[in-house]
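Visitor: So here's protein-v7.cif (mmCIF, C-alpha atoms).
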```
data_coords
#
loop_
_atom_site.label_atom_id
_atom_site.label_comp_id
_atom_site.auth_asym_id
_atom_site.auth_seq_id
_atom_site.Cartn_x
_atom_site.Cartn_y
_atom_site.Cartn_z
CA MET A 1 0.00 0.00 0.00
CA GLU A 2 1.22 3.50 -0.84
CA THR A 3 2.37 5.74 1.96
CA GLN A 4 1.26 9.27 2.72
CA ALA A 5 4.54 10.45 1.16
CA ASP A 6 3.57 8.79 -2.16
CA ILE A 7 0.11 10.34 -2.13
CA SER A 8 1.46 13.73 -1.07
CA ARG A 9 3.86 13.65 -4.01
CA GLU A 10 0.96 12.98 -6.40
CA ILE A 11 -1.08 15.75 -4.79
CA ALA A 12 1.84 18.17 -5.22
CA GLU A 13 2.19 17.31 -8.91
CA LEU A 14 -1.47 18.06 -9.57
CA ARG A 15 -1.66 21.22 -7.48
CA GLY A 16 -3.18 24.14 -9.38
CA ARG A 17 -3.83 22.02 -12.48
CA GLY A 18 -7.61 22.20 -12.36
CA GLY A 19 -10.35 24.76 -12.00
CA PRO A 20 -12.61 25.64 -9.09
CA GLN A 21 -14.43 22.31 -9.06
CA PRO A 22 -12.87 19.02 -7.92
CA GLN A 23 -11.05 17.16 -10.66
CA LEU A 24 -13.15 14.08 -11.40
CA ASP A 25 -10.03 12.34 -12.71
CA TYR A 26 -7.88 12.62 -9.60
CA PRO A 27 -5.73 9.50 -9.07
CA PRO A 28 -4.56 10.35 -5.51
CA TYR A 29 -8.16 9.50 -4.49
CA ARG A 30 -7.84 5.86 -5.47
CA SER A 31 -11.57 5.10 -5.54
CA SER A 32 -12.01 7.65 -8.34
CA VAL A 33 -9.86 5.76 -10.86
CA LEU A 34 -12.65 3.63 -12.40
CA ARG A 35 -15.48 6.00 -11.54
CA HIS A 36 -14.74 9.21 -13.42
CA PRO A 37 -15.93 9.95 -16.95
CA THR A 38 -13.16 10.07 -19.54
CA LYS A 39 -15.10 12.09 -22.11
CA ASP A 40 -15.79 15.80 -21.85
CA LEU A 41 -19.06 16.87 -20.30
CA VAL A 42 -21.50 17.98 -23.01
CA LEU A 43 -22.88 21.51 -22.75
CA ALA A 44 -26.68 21.55 -22.66
CA ASP A 45 -29.15 24.41 -22.38
CA PRO A 46 -31.39 23.64 -19.43
CA GLU A 47 -34.87 22.70 -20.64
CA GLY A 48 -38.25 22.26 -19.04
CA VAL A 49 -37.94 20.60 -15.69
CA GLU A 50 -34.23 21.49 -15.45
CA LEU A 51 -35.22 25.14 -15.03
CA TRP A 52 -36.88 24.27 -11.73
CA ALA A 53 -35.81 22.59 -8.51
CA PRO A 54 -37.94 20.16 -6.53
CA CYS A 55 -39.99 21.70 -3.71
CA PHE A 56 -39.86 20.59 -0.11
CA SER A 57 -42.16 21.79 2.62
CA SER A 58 -42.67 21.74 6.36
CA ARG A 59 -44.63 18.58 5.70
CA ASP A 60 -41.33 16.92 4.70
CA VAL A 61 -39.09 18.19 7.48
CA ALA A 62 -39.92 18.43 11.16
CA ALA A 63 -38.37 21.38 13.03
CA ASP A 64 -36.52 19.13 15.49
CA GLU A 65 -34.65 17.35 12.69
CA ALA A 66 -32.22 20.31 12.71
CA ASP A 67 -31.03 19.37 16.19
CA LEU A 68 -28.75 16.32 16.05
CA THR A 69 -28.24 16.37 19.82
CA ILE A 70 -31.81 15.47 20.79
CA GLN A 71 -32.45 12.41 18.66
CA ARG A 72 -31.70 9.81 21.32
CA ALA A 73 -32.42 9.40 24.99
CA GLY A 74 -29.32 11.15 26.31
CA GLU A 75 -26.82 13.88 25.50
CA PRO A 76 -24.18 13.00 22.91
CA LEU A 77 -20.51 13.21 23.83
CA GLY A 78 -18.28 15.83 22.28
CA GLU A 79 -18.02 19.53 21.60
CA ARG A 80 -21.51 20.99 21.11
CA MET A 81 -21.68 23.36 18.16
CA VAL A 82 -24.07 25.29 15.97
CA VAL A 83 -23.47 25.61 12.26
CA THR A 84 -25.49 28.20 10.41
CA GLY A 85 -25.24 30.27 7.26
CA ARG A 86 -27.06 31.26 4.11
CA VAL A 87 -27.63 29.36 0.90
CA LEU A 88 -27.29 31.80 -2.00
CA ASP A 89 -27.53 31.43 -5.74
CA GLY A 90 -24.83 32.68 -8.09
CA GLN A 91 -26.50 36.09 -8.28
CA GLY A 92 -26.38 36.41 -4.50
CA ASN A 93 -30.10 35.83 -3.98
CA PRO A 94 -31.19 33.73 -1.03
CA VAL A 95 -32.44 30.22 -1.74
CA ARG A 96 -35.64 30.25 0.32
CA HIS A 97 -37.53 27.36 1.90
CA GLN A 98 -35.24 24.78 0.39
CA LEU A 99 -33.99 21.47 1.77
CA VAL A 100 -30.56 21.09 3.44
CA GLU A 101 -29.46 17.62 4.56
CA ILE A 102 -26.34 16.79 6.59
CA TRP A 103 -24.58 13.69 7.86
CA GLN A 104 -21.39 13.31 9.87
CA ALA A 105 -19.17 11.22 12.15
CA ASN A 106 -19.46 11.47 15.92
CA ALA A 107 -16.94 13.22 18.17
CA SER A 108 -14.66 10.17 18.04
CA GLY A 109 -14.62 10.07 14.27
CA ARG A 110 -16.99 7.11 13.94
CA TYR A 111 -20.04 6.99 11.65
CA TRP A 112 -23.29 5.32 12.62
CA HIS A 113 -22.85 3.01 9.65
CA GLN A 114 -22.18 -0.68 9.21
CA ARG A 115 -19.30 -0.06 6.82
CA ASP A 116 -17.38 2.09 9.27
CA GLN A 117 -14.99 -0.29 11.04
CA HIS A 118 -12.84 2.38 12.67
CA PRO A 119 -12.30 1.06 16.21
CA ALA A 120 -13.45 4.30 17.82
CA PRO A 121 -16.54 4.20 20.03
CA LEU A 122 -20.02 4.63 18.68
CA ASP A 123 -22.02 7.08 20.75
CA PRO A 124 -25.45 5.64 21.57
CA ASN A 125 -26.74 9.21 21.81
CA PHE A 126 -25.52 10.43 18.44
CA VAL A 127 -26.69 9.21 15.03
CA GLY A 128 -25.29 12.09 12.99
CA ALA A 129 -27.95 12.92 10.38
CA GLY A 130 -30.18 16.00 10.17
CA ARG A 131 -32.37 18.04 7.85
CA CYS A 132 -33.82 21.51 7.74
CA LEU A 133 -35.44 23.98 5.38
CA THR A 134 -33.85 27.37 4.77
CA ASP A 135 -35.90 30.34 5.95
CA GLU A 136 -37.03 33.49 4.15
CA ASN A 137 -33.41 34.76 4.08
CA GLY A 138 -31.94 31.49 2.86
CA THR A 139 -30.58 30.74 6.34
CA TYR A 140 -30.13 27.20 7.60
CA ARG A 141 -29.12 26.25 11.14
CA PHE A 142 -28.11 22.96 12.76
CA GLN A 143 -27.30 22.14 16.37
CA THR A 144 -24.82 19.27 16.49
CA ILE A 145 -21.49 18.17 17.92
CA LYS A 146 -18.13 18.67 16.24
CA PRO A 147 -17.19 15.55 14.23
CA GLY A 148 -13.78 13.97 14.76
CA PRO A 149 -11.22 13.19 12.04
CA TYR A 150 -11.08 9.53 11.06
CA PRO A 151 -8.87 7.02 9.27
CA TRP A 152 -9.66 5.49 5.89
CA ARG A 153 -7.93 3.09 3.55
CA ASN A 154 -6.96 5.18 0.56
CA HIS A 155 -3.32 4.67 1.53
CA LEU A 156 -1.30 3.81 4.61
CA ASN A 157 -2.07 6.16 7.50
CA ALA A 158 -4.75 8.09 5.58
CA TRP A 159 -6.93 10.38 7.74
CA ARG A 160 -9.80 12.58 6.69
CA PRO A 161 -9.97 16.12 8.09
CA ALA A 162 -13.08 16.62 10.24
CA HIS A 163 -16.05 17.47 8.05
CA ILE A 164 -19.83 17.55 7.78
CA HIS A 165 -21.47 16.30 4.57
CA PHE A 166 -23.99 18.79 3.12
CA SER A 167 -26.63 18.11 0.47
CA LEU A 168 -28.13 21.24 -1.13
CA PHE A 169 -30.72 22.25 -3.69
CA GLY A 170 -31.10 25.62 -5.39
CA THR A 171 -33.94 27.17 -7.31
CA ASP A 172 -33.18 25.18 -10.43
CA PHE A 173 -32.10 21.61 -11.01
CA THR A 174 -28.67 22.55 -12.34
CA GLN A 175 -27.65 23.92 -8.92
CA ARG A 176 -27.80 20.56 -7.15
CA LEU A 177 -24.75 20.18 -4.90
CA VAL A 178 -23.39 17.65 -2.43
CA THR A 179 -20.24 18.75 -0.68
CA GLN A 180 -18.37 18.71 2.63
CA MET A 181 -17.88 21.54 5.12
CA TYR A 182 -14.52 21.69 6.88
CA PHE A 183 -13.22 23.44 9.99
CA PRO A 184 -10.54 26.16 9.96
CA ASN A 185 -6.85 25.30 10.37
CA ASP A 186 -7.16 21.53 10.14
CA PRO A 187 -3.63 20.05 10.03
CA LEU A 188 -4.87 17.25 7.74
CA PHE A 189 -5.86 19.50 4.80
CA ASP A 190 -2.60 19.19 2.85
CA LEU A 191 -2.62 15.41 3.21
CA ASP A 192 -6.19 14.71 2.11
CA PRO A 193 -6.75 13.76 -1.54
CA ILE A 194 -10.50 14.44 -1.39
CA TYR A 195 -10.05 18.04 -0.23
CA GLN A 196 -7.04 18.54 -2.53
CA SER A 197 -8.99 17.28 -5.56
CA ILE A 198 -10.09 20.91 -5.70
CA THR A 199 -6.72 22.10 -6.90
CA ASP A 200 -7.53 25.83 -6.73
CA PRO A 201 -6.77 27.05 -3.17
CA LYS A 202 -9.32 29.87 -3.29
CA ALA A 203 -12.07 27.43 -4.27
CA ARG A 204 -11.07 25.09 -1.43
CA GLU A 205 -11.54 27.94 1.02
CA ALA A 206 -15.20 28.13 0.00
CA LEU A 207 -15.69 24.88 1.94
CA LEU A 208 -14.30 26.27 5.21
CA ALA A 209 -16.58 27.31 8.03
CA SER A 210 -15.39 30.16 10.20
CA TYR A 211 -15.58 30.29 13.96
CA ASP A 212 -18.02 33.02 14.98
CA HIS A 213 -18.13 34.02 18.63
CA GLU A 214 -21.44 35.80 18.01
CA LEU A 215 -22.97 32.39 17.36
CA THR A 216 -21.49 30.88 20.48
CA THR A 217 -23.94 30.39 23.32
CA PRO A 218 -22.56 31.08 26.84
CA GLU A 219 -21.85 27.88 28.76
CA TYR A 220 -23.50 25.76 26.09
CA SER A 221 -22.23 25.59 22.51
CA LEU A 222 -19.63 26.97 20.06
CA GLY A 223 -20.72 28.63 16.82
CA TYR A 224 -19.56 28.24 13.23
CA ARG A 225 -20.73 30.14 10.18
CA TRP A 226 -20.70 28.76 6.65
CA ASP A 227 -22.36 30.47 3.70
CA ILE A 228 -22.87 28.39 0.57
CA VAL A 229 -22.97 29.93 -2.89
CA LEU A 230 -24.52 27.73 -5.55
CA THR A 231 -24.05 28.29 -9.28
CA GLY A 232 -26.27 30.75 -11.14
CA THR A 233 -29.87 30.19 -12.08
CA HIS A 234 -31.03 29.91 -15.67
CA ARG A 235 -34.64 31.04 -15.31
CA THR A 236 -35.64 34.50 -16.40
CA PRO A 237 -37.79 36.68 -14.11
CA LEU A 238 -40.68 36.13 -16.54
CA GLU A 239 -40.50 32.38 -16.09
CA ASP A 240 -40.42 32.89 -12.34
CA GLN A 241 -43.83 34.52 -12.46
CA GLN A 242 -45.47 31.53 -14.10
CA MET B 243 -18.40 34.97 -6.33
CA THR B 244 -16.73 31.72 -5.46
CA TYR B 245 -19.16 28.88 -5.92
CA ALA B 246 -18.99 26.11 -3.36
CA PRO B 247 -17.20 23.19 -5.02
CA GLY B 248 -18.65 19.71 -4.78
CA GLN B 249 -17.16 16.80 -2.86
CA THR B 250 -17.89 13.09 -3.03
CA VAL B 251 -20.85 11.65 -1.11
CA GLY B 252 -18.35 9.13 0.27
CA PRO B 253 -19.16 5.66 1.62
CA PHE B 254 -21.46 6.69 4.46
CA PHE B 255 -24.21 8.59 2.64
CA HIS B 256 -26.72 5.91 3.71
CA LEU B 257 -26.73 7.69 7.04
CA GLY B 258 -28.03 10.96 5.63
CA LEU B 259 -29.65 10.56 2.22
CA PRO B 260 -31.99 7.54 1.88
CA TYR B 261 -35.42 7.53 3.49
CA ALA B 262 -38.49 5.32 3.33
CA GLY B 263 -40.28 5.63 -0.01
CA ASP B 264 -37.57 7.78 -1.57
CA ASN B 265 -37.67 5.88 -4.88
CA GLU B 266 -41.47 5.51 -5.06
CA LEU B 267 -42.76 8.67 -6.75
CA VAL B 268 -45.97 6.71 -7.13
CA PRO B 269 -46.84 3.48 -5.32
CA PRO B 270 -45.49 0.51 -7.28
CA GLY B 271 -48.28 -1.55 -8.81
CA ARG B 272 -50.51 1.42 -9.56
CA PRO B 273 -51.90 0.80 -13.06
CA ASP B 274 -50.08 3.74 -14.66
CA ALA B 275 -46.83 3.25 -12.70
CA VAL B 276 -43.68 2.44 -14.64
CA ARG B 277 -40.40 1.14 -13.32
CA LEU B 278 -37.39 3.24 -14.37
CA HIS B 279 -34.37 1.14 -13.51
CA GLY B 280 -30.87 0.15 -14.50
CA ARG B 281 -27.36 -0.42 -13.28
CA VAL B 282 -24.57 2.00 -12.51
CA LEU B 283 -21.32 0.58 -13.94
CA ASP B 284 -17.67 1.48 -13.45
CA GLY B 285 -14.86 1.50 -16.02
CA GLN B 286 -14.47 -2.28 -15.80
CA GLY B 287 -18.18 -2.92 -16.24
CA ASN B 288 -18.71 -3.79 -12.58
CA GLY B 289 -21.78 -2.59 -10.75
CA VAL B 290 -21.25 0.38 -8.43
CA PRO B 291 -22.86 -0.67 -5.13
CA ASP B 292 -22.54 2.70 -3.41
CA ALA B 293 -24.15 5.18 -5.79
CA VAL B 294 -27.17 7.45 -5.38
CA ILE B 295 -29.38 8.36 -8.33
CA GLU B 296 -31.88 11.21 -8.20
CA ILE B 297 -34.55 11.94 -10.77
CA TRP B 298 -36.56 15.11 -11.34
CA GLN B 299 -39.30 15.10 -13.92
CA ALA B 300 -42.48 16.57 -15.33
CA ASP B 301 -45.77 14.73 -14.91
CA PRO B 302 -47.30 12.87 -17.89
CA SER B 303 -48.94 16.09 -19.15
CA GLY B 304 -45.57 17.88 -19.15
CA ALA B 305 -46.33 20.05 -16.11
CA VAL B 306 -43.49 20.63 -13.64
CA PRO B 307 -44.67 19.70 -10.13
CA ARG B 308 -44.43 22.64 -7.69
CA VAL B 309 -45.50 20.87 -4.50
CA GLY B 310 -43.65 19.50 -1.49
CA GLY B 311 -44.08 16.02 -0.13
CA SER B 312 -41.19 14.11 -1.70
CA ILE B 313 -39.89 13.01 1.71
CA LYS B 314 -43.20 12.35 3.43
CA ARG B 315 -45.16 11.02 0.48
CA ASP B 316 -48.94 10.92 0.83
CA GLY B 317 -49.44 8.32 -1.92
CA TRP B 318 -51.54 10.69 -4.05
CA THR B 319 -49.51 13.78 -4.83
CA PHE B 320 -47.01 13.53 -7.68
CA THR B 321 -43.96 15.59 -6.63
CA GLY B 322 -41.70 14.70 -9.55
CA TRP B 323 -38.61 14.03 -7.48
CA GLY B 324 -37.09 10.85 -6.13
CA ARG B 325 -33.87 9.30 -4.89
CA ALA B 326 -32.59 5.73 -5.11
CA GLN B 327 -29.48 4.02 -3.84
CA THR B 328 -27.87 1.18 -5.77
CA ASP B 329 -27.93 -2.36 -4.39
CA PRO B 330 -24.86 -4.65 -4.16
CA ASP B 331 -25.09 -5.27 -7.94
CA GLY B 332 -25.21 -1.58 -8.75
CA HIS B 333 -28.91 -1.76 -9.59
CA TYR B 334 -31.37 1.06 -8.84
CA TRP B 335 -35.09 1.47 -9.50
CA PHE B 336 -37.87 4.03 -9.29
CA SER B 337 -41.61 3.58 -9.43
CA THR B 338 -42.89 6.63 -11.29
CA LEU B 339 -44.96 8.04 -14.15
CA GLU B 340 -43.72 8.68 -17.67
CA PRO B 341 -42.83 12.29 -18.48
CA PRO B 342 -43.33 13.36 -22.09
CA SER B 343 -39.63 13.83 -22.88
CA PHE B 344 -36.90 13.00 -20.36
CA PHE B 345 -36.03 12.44 -16.72
CA ALA B 346 -33.37 14.83 -15.40
CA VAL B 347 -30.88 12.59 -13.59
CA THR B 348 -28.16 13.29 -11.02
CA VAL B 349 -25.51 10.69 -10.15
CA PHE B 350 -23.51 10.54 -6.92
CA ALA B 351 -21.13 7.80 -5.72
CA ARG B 352 -18.23 7.02 -3.48
CA GLY B 353 -15.20 7.61 -5.71
CA LEU B 354 -17.03 10.23 -7.76
CA LEU B 355 -15.70 13.59 -6.63
CA ASP B 356 -18.63 15.67 -7.85
CA ARG B 357 -22.18 14.94 -8.96
CA LEU B 358 -22.87 14.20 -12.60
CA PHE B 359 -25.92 15.37 -14.53
CA THR B 360 -27.51 13.44 -17.35
CA ARG B 361 -30.89 12.87 -19.01
CA ALA B 362 -32.84 9.66 -19.48
CA TYR B 363 -34.98 10.17 -22.58
CA LEU B 364 -38.04 8.20 -23.51
CA PRO B 365 -37.66 6.34 -26.80
CA ALA B 366 -39.27 8.47 -29.54
CA GLU B 367 -39.46 8.51 -33.31
CA GLN B 368 -38.34 12.12 -33.52
CA LEU B 369 -35.08 13.22 -31.92
CA ASP B 370 -35.17 16.49 -30.05
CA ALA B 371 -32.61 19.17 -30.87
CA PHE B 372 -30.18 18.18 -28.13
CA LEU B 373 -30.15 14.46 -28.97
CA GLY B 374 -29.98 15.26 -32.66
CA GLY B 375 -26.77 17.20 -32.07
CA LEU B 376 -24.95 14.21 -30.55
CA PRO B 377 -23.06 11.55 -32.52
CA PRO B 378 -25.35 8.47 -32.81
CA GLU B 379 -23.23 6.15 -30.65
CA ARG B 380 -23.16 8.67 -27.82
CA ARG B 381 -26.80 9.66 -28.25
CA ASP B 382 -27.94 6.11 -27.55
CA THR B 383 -26.50 6.28 -24.02
CA LEU B 384 -29.24 8.79 -23.14
CA ILE B 385 -32.22 6.86 -24.48
CA THR B 386 -34.05 4.44 -22.23
CA THR B 387 -35.07 0.99 -23.48
CA ARG B 388 -38.75 0.21 -23.28
CA GLU B 389 -39.70 -2.91 -21.35
CA GLN B 390 -43.05 -4.45 -20.64
CA ARG B 391 -43.46 -2.69 -17.30
CA GLY B 392 -41.20 0.29 -17.71
CA LEU B 393 -37.94 1.72 -18.90
CA ARG B 394 -34.32 0.62 -18.58
CA PHE B 395 -31.50 3.15 -18.16
CA ASP B 396 -27.97 1.96 -17.42
CA ILE B 397 -25.39 4.54 -16.40
CA ARG B 398 -21.79 3.84 -17.45
CA LEU B 399 -19.42 6.12 -15.58
CA GLN B 400 -16.42 5.28 -17.76
CA GLY B 401 -15.22 3.33 -20.77
CA GLU B 402 -17.09 1.73 -23.64
CA GLY B 403 -20.57 3.14 -23.95
CA GLU B 404 -19.78 5.85 -21.40
CA THR B 405 -22.96 7.79 -20.65
CA VAL B 406 -23.11 11.37 -21.88
CA PHE B 407 -22.87 13.62 -18.84
CA LEU B 408 -23.91 17.24 -19.00
CA THR B 409 -22.72 20.63 -18.00
CA PHE B 410 -24.87 23.74 -18.13
CA PRO B 411 -23.99 27.33 -19.09
CA GLY B 412 -22.09 29.15 -16.36
CA GLN B 413 -20.88 26.03 -14.61
CA ALA B 414 -17.17 25.84 -13.95
CA THR B 415 -15.38 22.51 -14.13
#
```
Translate the structure of the given file into structure tokens.
Guide:
Amino acid sequence: METQADISREIAELRGRGGPQPQLDYPPYRSSVLRHPTKDLVLADPEGVELWAPCFSSRDVAADEADLTIQRAGEPLGERMVVTGRVLDGQGNPVRHQLVEIWQANASGRYWHQRDQHPAPLDPNFVGAGRCLTDENGTYRFQTIKPGPYPWRNHLNAWRPAHIHFSLFGTDFTQRLVTQMYFPNDPLFDLDPIYQSITDPKAREALLASYDHELTTPEYSLGYRWDIVLTGTHRTPLEDQQ
Amino acid sequence: MTYAPGQTVGPFFHLGLPYAGDNELVPPGRPDAVRLHGRVLDGQGNGVPDAVIEIWQADPSGAVPRVGGSIKRDGWTFTGWGRAQTDPDGHYWFSTLEPPSFFAVTVFARGLLDRLFTRAYLPAEQLDAFLGGLPPERRDTLITTREQRGLRFDIRLQGEGETVFLTFPGQAT
């Protein structure tokens, strides 16, 4: 199995080679080798249903699904935190009343998932999945605990920086995004082929939350802010009125 | 503006994405229900057992649904959106209604660093402008095969018969 030094060398060779999106063909992430398209993406003008995004409503998402610390009988272990921010489209408009889904490891870096065999403890009081709808201003907010970093088997001694998976919708289909939110100053960033698959450093920064003391609750929970800008919409104002 | 880049769904998406009834836009067995199904295949032709497919579609009249209820389905309202995970063979299925033209499809998987967009067209005598502009061998990757109870749509991520994946104006790569 390759070492971190081997993978780091590959990462260094590819640094700055791509654009602001992750490179789909990115060999340092070994699982991508047989799973990336080899032909260019084909440019299409969005048509019909692609000009719209699916709708979700309060019928779909209960208010308490945004609090990952109250899903079980007791309090989860770890560092309580809030993560909140706005979902915006490429024109800077808020994405209102839209679904945000998250999933994450527990404070020890273990997922509530059969395939996670990391010998860190499961927390019987923390499942690690939540949902909410953005409000009138495009704001989402989750109460959770800070996930831990965890090992994986991409190469020898591979560790993922702590992250929360986010699934997002915009106002049209073409804005669909699944990504990962990271925490500032993680020492694992330079070593991680998933994060480094975005070879443009400025684009990588768009996945970093910032610590915000204004969001911290005295004697209860730390606060992080992360705003998410989706790509532009393709609908015209006229179509919006339909 | 710096758009948020995508990242892979990873191996643990089952924790956050699937939910009961996610792939049943209409209850299976309803007289007008069709099964849209297929396999997600990697560059060696092996099934991808950890992929998520989402569809978004018009109703049979061509109208775009503008109602919630895709997560808590009531069994009566057609919301036009669904999500399916692949099984150990890389197979996925939806129970849905036929749109007039195509299903908009999004593909996610462990090992796939960003989502892919594609379209699953209904077989038709006349090609629409987009399909008509593609070379025939590539065009066929976007056209479903009609079966007795539905439509088949395999998704090949890489290699021979690689599915046409889409980008839209203004999207960086």
Visitor: Considering only C-alpha atoms, can you say which of B:Thr387, B:Thr328, B:Thr319, B:Ser343 comes closest to chain A?
Guide: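 For chain A, the nearest of the given residues is B:Ser343.
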Visitor: Take the PyMOL selection byres ((chain B and resi 364) around 9), apply it to the structure above, and return the hits as a list of chain:residue names.
Guide: B:Glu340, B:Pro341, B:Pro342, B:Ser343, B:Phe344, B:Phe345, B:Ala362, B:Tyr363, B:Pro365, B:Ala366, B:Leu384, B:Ile385, B:Thr386, B:Thr387, B:Arg388, B:Leu393
Visitor: Could you list, as a PyMOL selection string, every residue of chain A that has an atom within 7 Å of an atom of chain B, counting only C-alpha atoms?
Guide: chain A and resi 19-22+24+31-32+34-38+41-46+49-50+54-57+59-60+101-103+112-113+129+177-180+203+206-207+228-232
Visitor: Take the PyMOL selection byres ((chain B and resi 395) around 6), apply it to the structure above, and return the hits as a list of chain:residue names.
Guide: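 Output of the PyMOL selection byres ((chain B and resi 395) around 6): B:His279, B:Gly280, B:Thr386, B:Arg394, B:Asp396.
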Visitor: List the residues matched by the PyMOL selection byres ((chain A and resi 106) around 8) in the displayed structure as a PyMOL selection string, ordered by chain and then by residue number.
Guide: chain A and resi 78+104-105+107-112+122-123+126-128+145-148
Visitor: Determine the nearest neighbour of Pro201 of chain A from the options A:Arg225, A:Gly18, A:His165, A:Tyr29, counting all atoms listed in the file.
Guide: A:Gly18
Visitor: Which is closer to Glu296 of chain B than all the others in B:Phe336, B:Val276, B:Ala262, B:Pro269, using all atoms listed in the file?
Guide: B:Phe336
Visitor: Distance atom CA of Thr69 of chain A-atom CA of Gln114 of chain A, one decimal place?
Guide: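 So the answer is 21.0 Å.
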Visitor: Do you have the atom CA of Leu215 of chain A-atom CA of Phe142 of chain A distance handy?
Guide: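 So the two atoms, atom CA of Leu215 of chain A and atom CA of Phe142 of chain A, lie 11.7 Å apart.
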Visitor: If you measure from atom CA of Asp40 of chain A to atom CA of Pro27 of chain A, what distance in Å do you get, rounded to one decimal?
Guide: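 Interatomic distance, atom CA of Asp40 of chain A to atom CA of Pro27 of chain A: 17.4 Å.
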Visitor: Excluding Pro151 of chain A and its own-chain neighbours fewer than 3 positions away, which residues fall within 12 Å of it when counting all atoms listed in the file? Please give them as a tab-separated table (two decimals) with C-alpha atoms, keeping the file's coordinate frame.
Guide:
```
chain	number	residue	atom	x	y	z
A	105	ALA	CA	-19.17	11.22	12.15
A	108	SER	CA	-14.66	10.17	18.04
A	109	GLY	CA	-14.62	10.07	14.27
A	110	ARG	CA	-16.99	7.11	13.94
A	111	TYR	CA	-20.04	6.99	11.65
A	116	ASP	CA	-17.38	2.09	9.27
A	117	GLN	CA	-14.99	-0.29	11.04
A	118	HIS	CA	-12.84	2.38	12.67
A	119	PRO	CA	-12.30	1.06	16.21
A	120	ALA	CA	-13.45	4.30	17.82
A	148	GLY	CA	-13.78	13.97	14.76
A	154	ASN	CA	-6.96	5.18	0.56
A	155	HIS	CA	-3.32	4.67	1.53
A	156	LEU	CA	-1.30	3.81	4.61
A	157	ASN	CA	-2.07	6.16	7.50
A	158	ALA	CA	-4.75	8.09	5.58
A	159	TRP	CA	-6.93	10.38	7.74
A	160	ARG	CA	-9.80	12.58	6.69
A	161	PRO	CA	-9.97	16.12	8.09
A	162	ALA	CA	-13.08	16.62	10.24
A	188	LEU	CA	-4.87	17.25	7.74
A	192	ASP	CA	-6.19	14.71	2.11
```
Visitor: When distances are computed from all atoms listed in the file, which of B:Gly375, B:Asp292, B:Leu278, B:Asp331 shows the smallest separation from Gln390 of chain B?
Guide: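 Looking only at the distances to Gln390 of chain B, the closest residue turns out to be B:Leu278.
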Visitor: Kindly provide, as JSON, the centre and edge lengths (Å, one decimal) of an axis-aligned box around all atoms of segment 364-373 of chain B given in the file, with 4 Å on each side.
Guide:
```
{"center_x": -34.8, "center_y": 12.8, "center_z": -28.5, "size_x": 17.3, "size_y": 20.8, "size_z": 18.0}
```
Visitor: Compile the contact shell of Arg281 of chain B as a ChimeraX atom specification: residues with an atom at most 7 Å away, counting all atoms listed in the file, same-chain residues fewer than 4 positions apart removed.
Guide: /B:289,332-334,396-397
Visitor: With all atoms listed in the file as the atoms that count, which of B:Asp316, B:Pro291, B:Val349, B:Pro377 lies nearest to Asp329 of chain B?
Guide: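 Of all the options, B:Pro291 lies closest to Asp329 of chain B.
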Visitor: What's the 10 Å shell around Asp64 of chain A, counting all atoms listed in the file, without same-chain residues fewer than 3 positions away, as a PyMOL selection string?
Guide: chain A and resi 61+67-71+130-132+142-143
Visitor: Rebuild N, CA and C atoms on segment 326-335 of chain B, as a PDB file, in the frame of the given file?
Guide:
```
ATOM      1  N   ALA B 326     -32.770   7.175  -5.287  1.00  0.00           N
ATOM      2  CA  ALA B 326     -32.590   5.730  -5.110  1.00  0.00           C
ATOM      3  C   ALA B 326     -31.119   5.429  -4.869  1.00  0.00           C
ATOM      4  N   GLN B 327     -30.845   4.474  -4.013  1.00  0.00           N
ATOM      5  CA  GLN B 327     -29.480   4.020  -3.840  1.00  0.00           C
ATOM      6  C   GLN B 327     -29.313   2.707  -4.605  1.00  0.00           C
ATOM      7  N   THR B 328     -28.106   2.436  -5.060  1.00  0.00           N
ATOM      8  CA  THR B 328     -27.870   1.180  -5.770  1.00  0.00           C
ATOM      9  C   THR B 328     -27.721   0.038  -4.761  1.00  0.00           C
ATOM     10  N   ASP B 329     -28.074  -1.173  -5.237  1.00  0.00           N
ATOM     11  CA  ASP B 329     -27.930  -2.360  -4.390  1.00  0.00           C
ATOM     12  C   ASP B 329     -26.536  -2.969  -4.613  1.00  0.00           C
ATOM     13  N   PRO B 330     -26.219  -4.105  -4.006  1.00  0.00           N
ATOM     14  CA  PRO B 330     -24.860  -4.650  -4.160  1.00  0.00           C
ATOM     15  C   PRO B 330     -24.448  -4.937  -5.609  1.00  0.00           C
ATOM     16  N   ASP B 331     -25.426  -5.079  -6.521  1.00  0.00           N
ATOM     17  CA  ASP B 331     -25.090  -5.270  -7.940  1.00  0.00           C
ATOM     18  C   ASP B 331     -25.022  -3.959  -8.714  1.00  0.00           C
ATOM     19  N   GLY B 332     -25.224  -2.861  -8.048  1.00  0.00           N
ATOM     20  CA  GLY B 332     -25.210  -1.580  -8.750  1.00  0.00           C
ATOM     21  C   GLY B 332     -26.536  -1.239  -9.380  1.00  0.00           C
ATOM     22  N   HIS B 333     -27.595  -1.955  -8.996  1.00  0.00           N
ATOM     23  CA  HIS B 333     -28.910  -1.760  -9.590  1.00  0.00           C
ATOM     24  C   HIS B 333     -29.732  -0.744  -8.782  1.00  0.00           C
ATOM     25  N   TYR B 334     -30.463   0.100  -9.493  1.00  0.00           N
ATOM     26  CA  TYR B 334     -31.370   1.060  -8.840  1.00  0.00           C
ATOM     27  C   TYR B 334     -32.730   0.958  -9.504  1.00  0.00           C
ATOM     28  N   TRP B 335     -33.769   1.393  -8.841  1.00  0.00           N
ATOM     29  CA  TRP B 335     -35.090   1.470  -9.500  1.00  0.00           C
ATOM     30  C   TRP B 335     -35.945   2.558  -8.883  1.00  0.00           C
TER      31      TRP B 335
END
```
